[in-house]
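Next comes entry_39.csv, a file with CSV, C-alpha atoms and all ligand atoms.
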chain,number,residue,atom,x,y,z
A,1,MET,CA,127.7,115.6,4.6
A,2,PHE,CA,127.0,112.7,6.8
A,3,ALA,CA,126.2,109.5,4.9
A,4,LYS,CA,123.3,108.9,7.4
A,5,ASP,CA,121.6,112.1,6.3
A,6,PHE,CA,122.1,111.2,2.7
A,7,VAL,CA,120.5,107.8,3.1
A,8,ASN,CA,117.6,109.3,5.1
A,9,VAL,CA,116.9,111.7,2.2
A,10,LEU,CA,117.0,108.8,-0.3
A,11,LYS,CA,114.6,106.8,1.9
A,12,GLU,CA,112.2,109.8,2.2
A,13,GLN,CA,112.1,109.8,-1.5
A,14,ASP,CA,111.3,106.1,-1.7
A,15,PHE,CA,114.8,104.9,-2.7
A,16,GLU,CA,114.9,102.0,-0.3
A,17,ALA,CA,116.9,99.2,-1.9
A,18,PHE,CA,120.6,99.2,-2.7
A,19,PHE,CA,122.7,97.0,-5.0
A,20,GLY,CA,126.4,97.5,-5.7
A,21,VAL,CA,130.1,96.9,-5.3
A,22,PRO,CA,131.8,98.9,-2.5
A,23,ASP,CA,134.2,101.7,-3.1
A,24,SER,CA,136.6,103.5,-0.7
A,25,LEU,CA,135.1,106.9,-1.5
A,26,LEU,CA,131.7,105.6,-0.7
A,27,LYS,CA,132.9,103.8,2.5
A,28,SER,CA,130.6,105.8,4.9
A,29,PHE,CA,127.7,105.4,2.6
A,30,CYS,CA,128.3,101.6,2.3
A,31,ASN,CA,128.6,101.4,6.0
A,32,GLU,CA,125.3,103.3,6.4
A,33,ILE,CA,123.3,101.1,4.1
A,34,SER,CA,124.6,97.9,5.6
A,35,ASN,CA,121.5,97.8,7.8
A,36,GLU,CA,119.2,98.6,4.8
A,37,GLU,CA,118.0,96.3,2.0
A,38,ASN,CA,121.4,96.0,0.5
A,39,ILE,CA,122.9,93.3,-1.7
A,40,ILE,CA,126.6,93.5,-2.4
A,41,ALA,CA,127.1,92.2,-5.9
A,42,ALA,CA,129.9,90.1,-7.4
A,43,ASN,CA,130.4,92.8,-10.1
A,44,GLU,CA,128.8,96.0,-11.2
A,45,GLY,CA,126.9,94.4,-14.1
A,46,ASN,CA,125.5,92.0,-11.5
A,47,ALA,CA,124.3,95.0,-9.4
A,48,VAL,CA,122.6,96.6,-12.4
A,49,ALA,CA,120.8,93.3,-13.2
A,50,MET,CA,119.7,92.9,-9.6
A,51,GLY,CA,118.4,96.4,-9.7
A,52,CYS,CA,116.4,95.6,-12.7
A,53,GLY,CA,114.9,92.5,-11.0
A,54,TYR,CA,114.0,94.6,-8.1
A,55,HIS,CA,112.2,97.2,-10.3
A,56,LEU,CA,110.3,94.4,-12.2
A,57,SER,CA,109.1,92.9,-9.0
A,58,THR,CA,108.3,96.1,-7.0
A,59,GLY,CA,107.9,98.9,-9.5
A,60,LYS,CA,110.3,101.0,-7.4
A,61,ILE,CA,113.5,102.6,-8.4
A,62,PRO,CA,116.7,100.9,-6.9
A,63,VAL,CA,120.0,102.6,-6.0
A,64,VAL,CA,123.0,101.0,-7.8
A,65,TYR,CA,126.4,102.0,-6.4
A,66,MET,CA,129.9,101.5,-7.6
A,67,GLN,CA,133.4,102.9,-8.0
A,68,ASN,CA,133.9,104.5,-11.4
A,69,SER,CA,136.3,101.6,-12.2
A,70,GLY,CA,133.3,99.4,-12.4
A,71,ILE,CA,131.4,101.5,-15.1
A,72,GLY,CA,132.8,99.2,-17.8
A,73,ASN,CA,131.3,96.1,-16.1
A,74,ALA,CA,128.0,97.9,-15.9
A,75,ILE,CA,127.8,99.2,-19.5
A,76,ASN,CA,126.6,96.1,-21.2
A,77,PRO,CA,123.5,95.6,-19.0
A,78,ILE,CA,122.9,99.4,-19.0
A,79,LEU,CA,122.8,99.5,-22.8
A,80,SER,CA,121.1,96.2,-23.5
A,81,LEU,CA,118.8,95.8,-20.5
A,82,VAL,CA,118.2,99.0,-18.6
A,83,ASP,CA,117.8,101.2,-21.7
A,84,ILE,CA,115.8,98.9,-23.9
A,85,TYR,CA,113.3,97.9,-21.2
A,86,GLU,CA,113.2,101.5,-19.9
A,87,ILE,CA,114.0,100.6,-16.3
A,88,PRO,CA,115.1,103.6,-14.3
A,89,LEU,CA,118.0,103.1,-11.8
A,90,LEU,CA,119.6,105.7,-9.6
A,91,PHE,CA,123.4,105.3,-9.8
A,92,ILE,CA,125.8,106.5,-7.1
A,93,ILE,CA,129.3,106.4,-8.6
A,94,GLY,CA,132.5,107.1,-6.6
A,95,TRP,CA,134.9,109.4,-8.7
A,96,ARG,CA,138.4,108.0,-8.3
A,97,GLY,CA,141.0,109.8,-10.4
A,98,GLU,CA,139.1,113.1,-10.6
A,99,PRO,CA,141.4,115.5,-12.5
A,100,ASP,CA,143.7,117.5,-10.3
A,101,ILE,CA,143.0,115.3,-7.2
A,102,LYS,CA,145.9,113.1,-6.2
A,103,ASP,CA,145.2,109.5,-6.9
A,104,GLU,CA,146.8,106.2,-8.1
A,105,PRO,CA,147.8,105.6,-11.8
A,106,GLN,CA,145.1,103.0,-12.3
A,107,HIS,CA,142.5,105.7,-11.7
A,108,PHE,CA,143.9,108.5,-14.0
A,109,LYS,CA,142.2,107.6,-17.3
A,110,GLN,CA,139.0,106.3,-15.8
A,111,GLY,CA,138.8,109.5,-13.7
A,112,LEU,CA,139.4,111.7,-16.6
A,113,LEU,CA,136.8,110.0,-18.8
A,114,THR,CA,134.1,109.3,-16.2
A,115,LYS,CA,131.7,112.1,-17.1
A,116,ASP,CA,132.4,111.7,-20.8
A,117,ILE,CA,131.6,107.9,-20.6
A,118,LEU,CA,128.3,108.6,-18.8
A,119,ASN,CA,127.4,111.3,-21.3
A,120,CYS,CA,128.4,109.1,-24.2
A,121,ILE,CA,126.0,106.3,-23.0
A,122,ASP,CA,123.3,109.0,-22.5
A,123,LEU,CA,123.2,108.5,-18.8
A,124,LYS,CA,122.2,111.9,-17.3
A,125,ASN,CA,124.5,112.7,-14.4
A,126,GLU,CA,125.6,115.4,-12.0
A,127,ILE,CA,128.1,115.8,-9.2
A,128,LEU,CA,126.5,115.1,-5.8
A,129,SER,CA,126.7,118.2,-3.6
A,130,ASN,CA,128.1,117.8,-0.1
A,131,ASP,CA,125.4,120.1,1.3
A,132,ILE,CA,122.5,118.0,2.5
A,133,PHE,CA,119.9,120.7,1.6
A,134,GLU,CA,121.1,120.9,-1.9
A,135,VAL,CA,121.3,117.2,-2.1
A,136,LYS,CA,117.6,116.9,-1.2
A,137,ASN,CA,116.7,119.0,-4.2
A,138,GLN,CA,119.1,117.0,-6.4
A,139,ILE,CA,117.4,113.8,-5.4
A,140,ILE,CA,113.9,115.2,-5.9
A,141,ASN,CA,114.8,116.5,-9.3
A,142,ALA,CA,116.5,113.2,-10.3
A,143,LYS,CA,113.4,111.3,-9.2
A,144,GLU,CA,111.2,113.5,-11.2
A,145,TYR,CA,113.4,113.1,-14.3
A,146,MET,CA,113.4,109.3,-13.9
A,147,LYS,CA,109.7,109.1,-13.4
A,148,LYS,CA,109.0,111.3,-16.4
A,149,THR,CA,111.5,109.8,-18.9
A,150,LYS,CA,111.8,106.2,-17.5
A,151,LYS,CA,115.6,106.8,-17.9
A,152,SER,CA,118.3,106.3,-15.3
A,153,PHE,CA,120.2,109.0,-13.5
A,154,ALA,CA,123.7,109.0,-12.0
A,155,PHE,CA,125.3,111.0,-9.2
A,156,VAL,CA,129.0,111.2,-9.4
A,157,VAL,CA,130.6,111.4,-5.9
A,158,ARG,CA,133.8,113.4,-5.4
A,159,LYS,CA,136.4,112.5,-2.7
A,160,ASN,CA,135.4,113.7,0.8
A,161,THR,CA,131.7,114.3,-0.1
A,162,PHE,CA,130.9,112.1,2.9
A,163,GLU,CA,132.3,112.7,6.3
A,164,LYS,CA,134.6,109.9,7.3
A,165,GLU,CA,133.0,107.6,9.8
A,166,PHE,CA,134.1,104.3,11.4
A,167,ALA,CA,133.2,101.4,9.2
A,168,ASN,CA,131.6,98.3,10.6
A,169,GLU,CA,134.7,96.1,11.1
A,170,ASP,CA,133.5,92.8,9.9
A,171,ILE,CA,134.6,90.0,12.2
A,172,PHE,CA,133.0,87.1,10.4
A,173,GLN,CA,136.5,85.6,9.8
A,174,ASP,CA,138.2,85.6,13.1
A,175,TYR,CA,141.3,83.7,12.0
A,176,ASP,CA,144.8,84.0,13.3
A,177,LEU,CA,146.4,84.4,10.0
A,178,THR,CA,146.9,87.9,8.5
A,179,ARG,CA,147.6,88.7,4.9
A,180,GLU,CA,151.1,89.6,5.8
A,181,ILE,CA,151.9,86.4,7.6
A,182,ALA,CA,150.4,84.4,4.7
A,183,ILE,CA,152.3,86.2,2.0
A,184,ASN,CA,155.5,86.1,3.9
A,185,SER,CA,155.2,82.3,4.5
A,186,ILE,CA,154.7,81.8,0.7
A,187,LEU,CA,157.6,84.1,-0.1
A,188,LYS,CA,159.9,82.2,2.3
A,189,LEU,CA,159.2,78.8,0.8
A,190,ALA,CA,158.7,79.7,-2.9
A,191,PRO,CA,161.8,78.9,-4.9
A,192,CYS,CA,163.7,82.1,-5.6
A,193,ASP,CA,163.1,81.9,-9.3
A,194,SER,CA,159.3,82.0,-8.9
A,195,PHE,CA,157.1,84.7,-10.3
A,196,PHE,CA,154.0,86.3,-8.7
A,197,VAL,CA,150.9,87.9,-10.2
A,198,SER,CA,148.8,89.7,-7.6
A,199,THR,CA,145.3,91.2,-7.5
A,200,THR,CA,144.0,94.7,-7.0
A,201,GLY,CA,144.2,96.5,-3.6
A,202,TYR,CA,145.9,95.5,-0.4
A,203,ILE,CA,147.2,92.1,-1.7
A,204,SER,CA,149.4,93.7,-4.3
A,205,ARG,CA,150.5,96.3,-1.8
A,206,GLU,CA,151.4,93.7,0.7
A,207,LEU,CA,153.3,91.7,-1.8
A,208,TYR,CA,155.2,94.8,-2.9
A,209,LYS,CA,156.0,95.6,0.7
A,210,ASN,CA,157.3,92.2,1.6
A,211,SER,CA,159.1,91.1,-1.6
A,212,LYS,CA,162.9,91.3,-1.8
A,213,ASP,CA,162.8,91.4,-5.6
A,214,ASN,CA,159.8,93.3,-7.0
A,215,SER,CA,160.8,92.6,-10.6
A,216,ARG,CA,159.4,89.1,-10.1
A,217,ASN,CA,156.0,90.5,-9.3
A,218,PHE,CA,153.3,91.8,-11.7
A,219,LEU,CA,151.1,94.0,-9.5
A,220,THR,CA,147.7,94.1,-11.2
A,221,VAL,CA,146.7,97.4,-9.7
A,222,GLY,CA,143.5,97.8,-11.8
A,223,SER,CA,141.2,95.5,-13.8
A,224,MET,CA,139.8,93.8,-10.6
A,225,GLY,CA,139.1,90.1,-11.2
A,226,HIS,CA,141.3,89.6,-14.2
A,227,MET,CA,144.6,88.8,-12.5
A,228,SER,CA,144.3,85.0,-12.8
A,229,SER,CA,143.7,85.2,-16.5
A,230,ILE,CA,146.9,87.2,-16.9
A,231,ALA,CA,148.7,84.6,-14.8
A,232,LEU,CA,147.2,81.8,-17.0
A,233,LEU,CA,148.9,83.0,-20.1
A,234,ILE,CA,152.2,83.6,-18.4
A,235,ALA,CA,152.1,80.1,-17.0
A,236,LEU,CA,151.2,78.7,-20.5
A,237,ASN,CA,154.0,80.5,-22.2
A,238,LYS,CA,156.7,80.0,-19.5
A,239,LYS,CA,156.2,76.4,-18.7
A,240,ASP,CA,159.6,76.2,-17.0
A,241,LYS,CA,158.7,78.9,-14.4
A,242,ARG,CA,156.5,78.5,-11.3
A,243,ILE,CA,153.8,81.2,-11.5
A,244,PHE,CA,152.0,82.0,-8.2
A,245,CYS,CA,148.8,84.1,-8.5
A,246,LEU,CA,147.5,85.8,-5.4
A,247,ASP,CA,143.8,86.4,-5.5
A,248,GLY,CA,141.2,88.0,-3.2
A,249,ASP,CA,137.7,86.6,-2.6
A,250,GLY,CA,136.1,89.8,-3.9
A,251,ALA,CA,138.2,89.8,-7.1
A,252,LEU,CA,137.8,86.0,-7.6
A,253,LEU,CA,134.0,86.3,-7.4
A,254,MET,CA,134.0,89.3,-9.8
A,255,HIS,CA,134.9,87.2,-12.8
A,256,MET,CA,134.8,83.7,-11.5
A,257,GLY,CA,134.2,82.1,-15.0
A,258,SER,CA,137.9,82.5,-15.5
A,259,ILE,CA,138.7,79.5,-13.3
A,260,ALA,CA,136.8,77.2,-15.7
A,261,VAL,CA,139.1,78.5,-18.5
A,262,ILE,CA,142.2,78.1,-16.4
A,263,ALA,CA,141.2,74.5,-15.5
A,264,GLU,CA,140.5,73.7,-19.1
A,265,LYS,CA,144.1,74.7,-20.0
A,266,SER,CA,145.5,73.3,-16.7
A,267,PRO,CA,149.0,74.6,-16.8
A,268,LYS,CA,151.0,72.5,-14.3
A,269,ASN,CA,153.2,75.4,-13.2
A,270,LEU,CA,150.3,77.6,-12.0
A,271,LYS,CA,149.7,78.0,-8.3
A,272,HIS,CA,146.4,79.8,-7.6
A,273,ILE,CA,146.2,81.2,-4.1
A,274,LEU,CA,143.1,82.7,-2.6
A,275,LEU,CA,143.6,85.0,0.4
A,276,ASN,CA,140.1,84.7,1.7
A,277,ASN,CA,139.0,87.2,4.3
A,278,CYS,CA,135.3,87.2,3.1
A,279,VAL,CA,135.4,91.0,2.7
A,280,HIS,CA,136.4,93.7,0.4
A,281,ASN,CA,139.2,94.7,2.8
A,282,SER,CA,140.8,97.2,0.5
A,283,VAL,CA,137.8,99.5,0.3
A,284,GLY,CA,136.4,99.2,3.8
A,285,SER,CA,135.8,95.5,4.7
A,286,GLN,CA,132.3,95.2,3.3
A,287,PRO,CA,131.3,91.5,3.1
A,288,THR,CA,131.6,89.5,-0.1
A,289,ALA,CA,129.4,86.6,-0.9
A,290,ALA,CA,132.2,84.2,-0.1
A,291,ARG,CA,131.3,83.4,3.4
A,292,ASN,CA,129.3,80.3,2.7
A,293,MET,CA,131.3,79.1,-0.2
A,294,ASP,CA,133.4,75.9,-0.3
A,295,PHE,CA,136.2,77.1,-2.6
A,296,CYS,CA,138.0,73.7,-2.7
A,297,GLU,CA,134.9,72.0,-4.0
A,298,ILE,CA,134.3,74.7,-6.6
A,299,PHE,CA,137.9,74.6,-7.9
A,300,LYS,CA,137.9,70.8,-7.8
A,301,GLY,CA,134.6,70.9,-9.7
A,302,ALA,CA,136.1,73.3,-12.3
A,303,GLY,CA,139.0,70.9,-12.9
A,304,TYR,CA,141.9,72.0,-10.7
A,305,LYS,CA,143.9,68.9,-10.0
A,306,LYS,CA,144.9,69.7,-6.4
A,307,THR,CA,143.1,71.9,-3.9
A,308,TYR,CA,143.9,72.8,-0.3
A,309,SER,CA,142.4,75.0,2.4
A,310,VAL,CA,144.1,76.2,5.5
A,311,LYS,CA,143.3,78.5,8.4
A,312,THR,CA,146.3,78.4,10.7
A,313,LEU,CA,149.9,79.1,10.3
A,314,LEU,CA,150.7,75.5,11.3
A,315,GLU,CA,148.4,74.2,8.6
A,316,LEU,CA,149.8,76.6,6.1
A,317,GLU,CA,153.4,75.6,6.8
A,318,ARG,CA,152.4,71.9,6.6
A,319,VAL,CA,150.7,72.3,3.2
A,320,LEU,CA,153.0,74.8,1.4
A,321,PRO,CA,155.9,72.4,0.5
A,322,GLU,CA,153.5,70.0,-1.3
A,323,PHE,CA,151.5,72.8,-2.8
A,324,ILE,CA,154.6,74.4,-4.2
A,325,ASP,CA,156.3,71.2,-5.4
A,326,ASN,CA,153.5,69.3,-7.0
A,327,ASN,CA,153.4,69.4,-10.7
A,328,GLU,CA,149.7,70.0,-11.2
A,329,LEU,CA,147.4,73.0,-11.5
A,330,SER,CA,146.8,73.7,-7.8
A,331,PHE,CA,144.6,75.9,-5.7
A,332,LEU,CA,145.2,76.9,-2.1
A,333,GLU,CA,142.7,78.8,0.0
A,334,ILE,CA,144.2,80.6,3.0
A,335,LYS,CA,141.6,81.9,5.4
A,336,ILE,CA,142.8,85.2,6.8
A,337,LYS,CA,141.4,88.0,8.9
A,338,PRO,CA,140.7,91.5,7.6
A,339,ASP,CA,143.5,94.0,8.3
A,340,SER,CA,143.5,97.7,8.3
A,341,GLY,CA,146.2,98.0,5.6
A,342,ALA,CA,147.2,101.3,7.2
A,343,ASP,CA,150.9,100.8,6.9
A,344,LEU,CA,150.9,99.4,3.4
A,345,PRO,CA,153.1,101.3,0.9
A,346,ARG,CA,151.9,102.0,-2.6
A,347,PRO,CA,154.3,101.0,-5.4
A,348,LYS,CA,156.9,103.8,-6.0
A,349,ASN,CA,157.6,102.7,-9.6
A,350,THR,CA,155.0,103.3,-12.3
A,351,PRO,CA,152.9,100.4,-13.8
A,352,VAL,CA,155.0,100.6,-17.0
A,353,SER,CA,158.3,100.3,-15.2
A,354,ASN,CA,156.8,97.3,-13.3
A,355,LYS,CA,155.8,95.7,-16.6
A,356,ILE,CA,159.3,96.3,-18.2
A,357,ALA,CA,161.2,94.9,-15.1
A,358,PHE,CA,158.8,91.9,-14.9
A,359,MET,CA,159.2,91.1,-18.6
A,360,GLU,CA,162.9,91.4,-18.5
A,361,LYS,CA,163.2,89.1,-15.5
A,362,LEU,CA,160.7,86.6,-17.1
A,363,ASN,CA,162.8,86.4,-20.2
A,364,GLU,CA,166.2,86.2,-18.6
A,401,LIG,C1,135.8,96.8,-11.4
A,401,LIG,C2,136.2,97.3,-10.0
A,401,LIG,N1,135.2,97.4,-9.1
A,401,LIG,C3,135.5,97.9,-7.9
A,401,LIG,C4,136.8,98.3,-7.6
A,401,LIG,C5,137.2,98.8,-6.2
A,401,LIG,N2,137.9,97.8,-5.4
A,401,LIG,C6,139.3,97.8,-5.4
A,401,LIG,S1,139.9,96.7,-4.4
A,401,LIG,C7,138.4,96.1,-4.0
A,401,LIG,C8,138.2,95.0,-3.0
A,401,LIG,C9,138.9,93.8,-3.4
A,401,LIG,O1,138.5,92.7,-2.5
A,401,LIG,P1,139.2,91.4,-2.4
A,401,LIG,O2,139.6,90.9,-3.8
A,401,LIG,O3,138.4,90.4,-1.6
A,401,LIG,O4,140.6,91.7,-1.7
A,401,LIG,P2,140.9,92.4,-0.3
A,401,LIG,O5,140.7,93.8,-0.5
A,401,LIG,O6,139.9,91.8,0.7
A,401,LIG,O7,142.3,92.0,0.0
A,401,LIG,C10,137.4,96.9,-4.7
A,401,LIG,C11,135.9,96.6,-4.5
A,401,LIG,C12,137.8,98.1,-8.6
A,401,LIG,N3,139.1,98.4,-8.4
A,401,LIG,N4,137.4,97.7,-9.8

For the file at hand, write its structure as structure tokens.
Amino acid sequence: MFAKDFVNVLKEQDFEAFFGVPDSLLKSFCNEISNEENIIAANEGNAVAMGCGYHLSTGKIPVVYMQNSGIGNAINPILSLVDIYEIPLLFIIGWRGEPDIKDEPQHFKQGLLTKDILNCIDLKNEILSNDIFEVKNQIINAKEYMKKTKKSFAFVVRKNTFEKEFANEDIFQDYDLTREIAINSILKLAPCDSFFVSTTGYISRELYKNSKDNSRNFLTVGSMGHMSSIALLIALNKKDKRIFCLDGDGALLMHMGSIAVIAEKSPKNLKHILLNNCVHNSVGSQPTAARNMDFCEIFKGAGYKKTYSVKTLLELERVLPEFIDNNELSFLEIKIKPDSGADLPRPKNTPVSNKIAFMEKLNE
């Protein structure tokens, strides 16, 4: 089915506002709603809450979309807000890790349990058909159910439900630096006994591709937004090692409270790097809310001792030696452009073998 037809059917049935976190399986859908009333949330709970605010102020039912990885972030406001105030939301949930469909390890368990989790929280759900005529009936029935019961309803979206269409390549950040150049510059200058913790998506895959020794890297393939908290404890417990953490703007925004905790502990050996492309590059380059943010001011305000921001290779090469060598909790924003990620390999080793190799190296 074409995402355009799906969105048209939604609009015909008065579903006109969209709140969510983008997903690769929903790429065509996300692209289609980019010209509608659509707010891309910092995290999935944030999307649920905005949907509730929309309902309170308009009386209409919003659409809340997400990858199934984000169900956990959404559960708290679903159970303690949506359900208790009887606010109906229409969920669209991308089903990564569907059993028997090839996918990455971080999606296995979430994929296996997706329907069970929804059933367990009493969120009525069904798989979205890929036939637009059937879909129309599904939406009409879901709407009737929601109106009658004041409960929410979820459509679970299988891989390839939507025809692949070209996404709006977002050119907001038209910088020279690419993720690969930035990561390679850091790898070149970081002392060879450094360790890296990297965030979900292309950033970890780029680090994996370009590193000579992947046992020094902890690739946080899931748990988007939590990477810097992992790095914090490694830095606190291994004070003699330099720990670089590679963040994305989408991931940083998702759980940004963590920077206050990091700053409070202020490990001198932690180097927090933000590869800022102002988009969720890994799932289709949908914009994040980062484009008007001054991250240096934010990190400084949180209590990071040194902050830097660069947008050219020249600036990066000038700043890196001081950033690496100073003995203070430091933040470096590197403004980069989005990149297709087409040639990025996925880790060949399992997450468990990555963990074992990393721990062994860290404890040598
Ligand atoms: C909780 C959660 N929500 C959504 C996703 C899907 N997802 C994976 S990577 C990604 C985008 C990450 O964006 P950013 O951190 O800016 O890095 P970039 O892709 O731009 O390198 C998203 C939304 C996820 N893995 N987990």

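Of note, atom CA of Leu233 of chain A and atom CA of Ala263 of chain A are spaced 12.4 Å apart.
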
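Residue nearest Val7 of chain A, chosen from A:Ile71, A:Ile40, A:Ile139, A:Leu113 and counting only C-alpha atoms: A:Ile139.
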
**OP:** Check the smallest atom-to-atom distance from each of A:Lys306, A:Arg291, A:Lys265, A:Lys300 to ligand LIG 401 (chain A) using all atoms listed in the file, then report the winner.
**Re:** A:Arg291

Subject >> Minimum-distance residue to ligand LIG 401 (chain A), chosen among A:Gln110, A:Thr307, A:Asn292, A:Ser185 (using all atoms listed in the file) >> reply: A:Gln110

Original post:
Got a sec to check which residues lie within 8 Å of ligand LIG 401 (chain A), using all atoms listed in the file, and send them as a VMD selection string?
Top reply: chain A and resid 21 to 24 43 to 44 66 to 73 179 199 to 203 221 to 225 247 to 252 254 275 to 283 285 288 338

Original post:
For Thr178 of chain A, which residue among A:Glu206, A:Met50, A:Gln286, A:Leu246 is the nearest when counting only C-alpha atoms?
Top reply: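 Once distances to Thr178 of chain A are computed over only C-alpha atoms, the minimum belongs to A:Glu206.
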
**OP:** Determine the nearest neighbour of Leu274 of chain A from the options A:Asn214, A:Ser258, A:Phe195, A:Ala182, counting all atoms listed in the file.
**Re:**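 Result for the nearest residue to Leu274 of chain A: A:Ala182.
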
**OP:** For Gly303 of chain A, please output as a ChimeraX atom specification all residues within 12 Å (counting all atoms listed in the file; exclusion window: fewer than 6 positions along the same chain).
**Re:** /A:258-267,296-297,328-331

Subject >> Option closest in space to Cys120 of chain A, from A:Phe133, A:Ile87, A:Ile75, A:Ala41 [counting only C-alpha atoms] >> reply: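 Of all the options, A:Ile75 lies closest to Cys120 of chain A.
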
Original post:
Which neighbours of segment 95-97 of chain A fall inside 7 Å, counting only C-alpha atoms, when residues of the same chain fewer than 5 positions from it are skipped, and could you give them as an MDAnalysis selection string?
Top reply: chainID A and resid 67:68 103 107:108 110:112 156:159

Original post:
atom CA of Gly341 of chain A to atom CA of Arg205 of chain A: how many Å, to one decimal?
Top reply: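 Separating atom CA of Gly341 of chain A from atom CA of Arg205 of chain A is a distance of 8.7 Å.
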
Original post:
Between atom CA of Ile33 of chain A and atom CA of Gly94 of chain A, what is the distance, to one decimal in Å?
Top reply: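 Pair atom CA of Ile33 of chain A / atom CA of Gly94 of chain A returns 15.3 Å.
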
Quick one: residues within 12 Å of Asn327 of chain A, only C-alpha atoms counted, chain neighbours fewer than 5 positions away excluded, as a CSV table (one decimal) with C-alpha atoms, in the frame of the given file?
chain,number,residue,atom,x,y,z
A,239,LYS,CA,156.2,76.4,-18.7
A,240,ASP,CA,159.6,76.2,-17.0
A,241,LYS,CA,158.7,78.9,-14.4
A,242,ARG,CA,156.5,78.5,-11.3
A,243,ILE,CA,153.8,81.2,-11.5
A,266,SER,CA,145.5,73.3,-16.7
A,267,PRO,CA,149.0,74.6,-16.8
A,268,LYS,CA,151.0,72.5,-14.3
A,269,ASN,CA,153.2,75.4,-13.2
A,270,LEU,CA,150.3,77.6,-12.0
A,271,LYS,CA,149.7,78.0,-8.3
A,304,TYR,CA,141.9,72.0,-10.7
A,305,LYS,CA,143.9,68.9,-10.0
A,306,LYS,CA,144.9,69.7,-6.4
A,321,PRO,CA,155.9,72.4,0.5
A,322,GLU,CA,153.5,70.0,-1.3

**OP:** Could you pull out every residue with an atom within 10 Å of (122.5, 104.5, -4.8), file coordinates, counting all atoms listed in the file, and send them as a ChimeraX atom specification?
**Re:** /A:7,10,15-20,29-30,33,61-66,89-93,154-155

**OP:** Fewer than 4 positions away in the same chain doesn't count, so skip those; otherwise give me all residues within 10 Å of Asp5 of chain A, counting only C-alpha atoms, as a list in words.
**Re:** Met1, Val9, Leu10, Lys11, Phe29, Glu32, Ile132, Phe133, Val135, Lys136 and Phe162 of chain A

Original post:
Within 7 Å of (129.7, 113.7, -13.4), in the coordinates the file gives, what residues turn up when you count all atoms listed in the file, written out as an NGL selection string?
Top reply: :A and (114-115 or 125-127 or 155-156)

Next, the residues of the selection above should be written as an mmCIF file, keeping the file's coordinate frame with C-alpha atoms.
data_model
loop_
_atom_site.group_PDB
_atom_site.id
_atom_site.type_symbol
_atom_site.label_atom_id
_atom_site.label_comp_id
_atom_site.auth_asym_id
_atom_site.auth_seq_id
_atom_site.Cartn_x
_atom_site.Cartn_y
_atom_site.Cartn_z
ATOM 1 C CA THR A 114 134.100 109.300 -16.200
ATOM 2 C CA LYS A 115 131.700 112.100 -17.100
ATOM 3 C CA ASN A 125 124.500 112.700 -14.400
ATOM 4 C CA GLU A 126 125.600 115.400 -12.000
ATOM 5 C CA ILE A 127 128.100 115.800 -9.200
ATOM 6 C CA PHE A 155 125.300 111.000 -9.200
ATOM 7 C CA VAL A 156 129.000 111.200 -9.400
#

Subject >> Nearby residues (only C-alpha atoms) at most 7 Å from segment 76-81 of chain A, same-chain spacing under 6 positions excluded, as an MDAnalysis selection string >> reply: chainID A and resid 45 48:49
